[in-house]
Amino acid sequence: MGNSWFQFQQFRVHQDRCAMKISTDAVLLGTLAGKENPTSILDIGTGTGVVALMLAQRFPKASVTAIEIDIDAAEQAGENFRESPFSDRLSLVQGRVQDFASGEKFDLIASNPPFFPDHLKSSDAKRNRALHTDELSFRELVEKVSHLLAPSGTFWVILPPRQMRDLEIHANQFGLNPFHRSQVQDRADKAVYREIVGFSFLRKEEAENTVILKNADNSYTGSYSALLSGFLLGY
């Protein structure tokens with residue numbers, strides 16, 4: 001994916017001022033995070049704004065609020081929002097989610113959070129903020145979500161499996177229970193490298209599925225292509 005901008009079917013995402021460019025993780029979260037007929041959506045750590053844009057496309061009756069701590073990324077995400085066909089339903093808040101106050105509860109909350117602990121940092125402060133948990137720990141994230149999520153709402157997050165286990169410990173402490181788990185493999189012969197988990201305050205049996213991105217010849221699988229349908233050009 002290019003460093004300057006990335007063209008989707010219904011919108012374009014400029015990303016030259018964002019430390020973290022559009023990734024498969026973000027696209028997967030944007031396609032899988034869901035709630036029946038949501039009217040209010042929150043994207044925590046929006047970065048380029050791509051997840052918020054995808055959710056705005058998928059749920060045409062929902063207003064979408066996006067939070068981003070980095071000033072440059074927030075400004076660029078705001079510009080991406082204004083240039084999109086969903087601009088009247090998208091809003092951007094620059095700052096820490098820990099300080100975010102809202103008079104409403106959200107039906108759907110999504111987050112592609114930083115997941116590296118405080119070590120092996122680069123010299124790029126913006127990239128460190130996007131990748132490392134210093135600015136937003138899993139406990140802080142889950143605690144804030146527990147206050148912002150509607151009683152019947154859903155919270156969706158994508159993480160590597162080990163980090164997902166850590167987040168689930170905190171989620172349980174705040175009454176959030178997993179009800180959906182998608183395990184992501186690059187190919188069928190590779191280990192699971194990401195999990196996308198949906199949480200809610202309700203207790204119900206957890207549904208599981210596997211998303212395999214590529215065939216043996218490195219072409220996209222039919223199931224992954226179906227997820228991309230309606231979003232990426234050529235699908």
# chains A, B, ... in the order shown; residues from 1 in each chain; ligands from 1
call {"tool": "select_by_dssp", "arguments": {"residues": "range 25-170 of chain A", "states": "helix (DSSP H, G or I)", "output": "NGL selection string"}}
result
:A and (25-32 or 50-58 or 71-82 or 87-89 or 97-99 or 125-131 or 138-148 or 161-170)
call {"tool": "residues_around", "arguments": {"residues": "range 177-179 of chain A", "least_positions_apart": "4", "cutoff": "9 Å", "atoms": "only C-alpha atoms", "output": "PDB file with C-alpha atoms, in the first residue's frame"}}
result
ATOM      1  CA  GLU A 168      -9.514 -10.396  28.085  1.00  0.00           C
ATOM      2  CA  ALA A 171     -12.360  -7.099  30.036  1.00  0.00           C
ATOM      3  CA  ASN A 172     -13.659  -9.741  32.445  1.00  0.00           C
ATOM      4  CA  VAL A 197     -12.897 -10.416  19.319  1.00  0.00           C
ATOM      5  CA  GLY A 198     -16.300  -8.922  19.952  1.00  0.00           C
ATOM      6  CA  PHE A 199     -17.237  -8.215  23.589  1.00  0.00           C
ATOM      7  CA  SER A 200     -20.523  -7.281  25.237  1.00  0.00           C
ATOM      8  CA  PHE A 201     -21.994  -6.981  28.724  1.00  0.00           C
ATOM      9  CA  LEU A 202     -24.291  -9.896  27.898  1.00  0.00           C
ATOM     10  CA  ARG A 203     -23.256 -13.471  28.530  1.00  0.00           C
ATOM     11  CA  LYS A 204     -23.750 -15.822  25.608  1.00  0.00           C
ATOM     12  CA  GLU A 205     -21.984 -18.640  23.840  1.00  0.00           C
ATOM     13  CA  GLU A 206     -18.909 -17.498  21.959  1.00  0.00           C
ATOM     14  CA  ALA A 207     -18.972 -17.989  18.191  1.00  0.00           C
ATOM     15  CA  GLU A 208     -15.643 -18.739  16.509  1.00  0.00           C
TER      16      GLU A 208
END
call {"tool": "residues_around", "arguments": {"residues": "range 50-62 of chain A", "least_positions_apart": "2", "cutoff": "6 Å", "atoms": "only C-alpha atoms", "output": "ChimeraX atom specification"}}
result
/A:30,38-40,43,48
call {"tool": "atom_distance", "arguments": {"atom1": "CA of Leu227 in chain A", "atom2": "CA of Ile212 in chain A"}}
result
11.1 Å
call {"tool": "atom_distance", "arguments": {"atom1": "CA of Gln185 in chain A", "atom2": "CA of Ala110 in chain A"}}
result
20.8 Å
call {"tool": "residues_around", "arguments": {"residues": "range 82-97 of chain A", "least_positions_apart": "3", "cutoff": "10 Å", "atoms": "only C-alpha atoms", "output": "number ranges by chain"}}
result
A: 10-13, 40-46, 49, 52-54, 56-57, 60-79, 100-101, 135-136, 140-141, 144-145
call {"tool": "write_last_selection", "arguments": {"atoms": "C-alpha atoms", "output": "PDB file, in the first residue's frame"}}
result
ATOM      1  CA  GLN A  10     -16.205   4.867  -2.033  1.00  0.00           C
ATOM      2  CA  PHE A  11     -13.515   6.995  -0.410  1.00  0.00           C
ATOM      3  CA  ARG A  12      -9.822   7.902  -0.471  1.00  0.00           C
ATOM      4  CA  VAL A  13      -7.519   7.815   2.564  1.00  0.00           C
ATOM      5  CA  SER A  40     -23.736   5.616  17.360  1.00  0.00           C
ATOM      6  CA  ILE A  41     -20.222   4.280  16.726  1.00  0.00           C
ATOM      7  CA  LEU A  42     -16.884   5.120  18.367  1.00  0.00           C
ATOM      8  CA  ASP A  43     -13.461   4.367  16.846  1.00  0.00           C
ATOM      9  CA  ILE A  44     -10.672   4.579  19.437  1.00  0.00           C
ATOM     10  CA  GLY A  45      -7.242   5.390  17.984  1.00  0.00           C
ATOM     11  CA  THR A  46      -8.482   6.070  14.482  1.00  0.00           C
ATOM     12  CA  GLY A  49      -9.533   7.174   9.885  1.00  0.00           C
ATOM     13  CA  ALA A  52     -14.291   4.861  10.999  1.00  0.00           C
ATOM     14  CA  LEU A  53     -14.814   5.362   7.256  1.00  0.00           C
ATOM     15  CA  MET A  54     -15.491   1.673   6.667  1.00  0.00           C
ATOM     16  CA  ALA A  56     -19.690   4.705   8.213  1.00  0.00           C
ATOM     17  CA  GLN A  57     -20.029   2.992   4.830  1.00  0.00           C
ATOM     18  CA  PRO A  60     -25.497   4.333   6.798  1.00  0.00           C
ATOM     19  CA  LYS A  61     -27.785   5.310   9.690  1.00  0.00           C
ATOM     20  CA  ALA A  62     -24.984   5.629  12.233  1.00  0.00           C
ATOM     21  CA  SER A  63     -23.022   8.648  13.367  1.00  0.00           C
ATOM     22  CA  VAL A  64     -19.331   7.838  13.866  1.00  0.00           C
ATOM     23  CA  THR A  65     -17.001   9.537  16.336  1.00  0.00           C
ATOM     24  CA  ALA A  66     -13.262   8.915  16.033  1.00  0.00           C
ATOM     25  CA  ILE A  67     -10.593   9.675  18.651  1.00  0.00           C
ATOM     26  CA  GLU A  68      -6.896  10.115  17.842  1.00  0.00           C
ATOM     27  CA  ILE A  69      -4.139  11.265  20.207  1.00  0.00           C
ATOM     28  CA  ASP A  70      -1.574  12.295  17.564  1.00  0.00           C
ATOM     29  CA  ILE A  71      -2.211  15.826  16.271  1.00  0.00           C
ATOM     30  CA  ASP A  72      -0.978  15.255  12.706  1.00  0.00           C
ATOM     31  CA  ALA A  73      -2.861  11.980  12.311  1.00  0.00           C
ATOM     32  CA  ALA A  74      -6.007  13.555  13.772  1.00  0.00           C
ATOM     33  CA  GLU A  75      -5.824  16.459  11.331  1.00  0.00           C
ATOM     34  CA  GLN A  76      -5.338  14.105   8.392  1.00  0.00           C
ATOM     35  CA  ALA A  77      -8.141  11.775   9.503  1.00  0.00           C
ATOM     36  CA  GLY A  78     -10.407  14.819   9.811  1.00  0.00           C
ATOM     37  CA  GLU A  79      -9.524  15.816   6.257  1.00  0.00           C
ATOM     38  CA  PHE A 100     -12.875  11.810  26.366  1.00  0.00           C
ATOM     39  CA  ALA A 101     -16.262  12.706  27.806  1.00  0.00           C
ATOM     40  CA  GLU A 135      -0.125   6.083  26.224  1.00  0.00           C
ATOM     41  CA  LEU A 136      -3.009   3.604  26.466  1.00  0.00           C
ATOM     42  CA  GLU A 140      -7.287   1.911  30.610  1.00  0.00           C
ATOM     43  CA  LEU A 141      -8.838   1.030  27.261  1.00  0.00           C
ATOM     44  CA  LYS A 144     -13.046   3.545  29.372  1.00  0.00           C
ATOM     45  CA  VAL A 145     -15.007   1.303  27.025  1.00  0.00           C
TER      46      VAL A 145
END
call {"tool": "closest_residue", "arguments": {"among": "A:Leu29, A:Ile109, A:Leu228, A:Ala188", "to": "Leu159 in chain A", "atoms": "only C-alpha atoms"}}
result
A:Leu29
call {"tool": "residues_around", "arguments": {"residues": "Pro160 in chain A", "least_positions_apart": "5", "cutoff": "10 Å", "atoms": "only C-alpha atoms", "output": "PDB file with C-alpha atoms, in the first residue's frame"}}
result
ATOM      1  CA  PHE A 115       0.060  -3.577  21.778  1.00  0.00           C
ATOM      2  CA  ARG A 165      -5.422 -12.967  26.417  1.00  0.00           C
ATOM      3  CA  GLN A 183      -8.774 -16.086  14.257  1.00  0.00           C
ATOM      4  CA  VAL A 184      -6.639 -14.771  11.397  1.00  0.00           C
ATOM      5  CA  VAL A 192      -2.860 -17.636  13.971  1.00  0.00           C
ATOM      6  CA  TYR A 193      -1.298 -14.156  14.140  1.00  0.00           C
ATOM      7  CA  ARG A 194      -4.304 -11.964  14.950  1.00  0.00           C
ATOM      8  CA  GLU A 195      -7.625 -12.333  16.727  1.00  0.00           C
ATOM      9  CA  ILE A 196     -10.641 -10.094  16.297  1.00  0.00           C
TER      10      ILE A 196
END
call {"tool": "select_by_dssp", "arguments": {"residues": "range 32-185 of chain A", "states": "strand (DSSP E or B)", "output": "ChimeraX atom specification"}}
result
/A:40-44,63-68,90-94,106-111,116,132,149-159,177-185
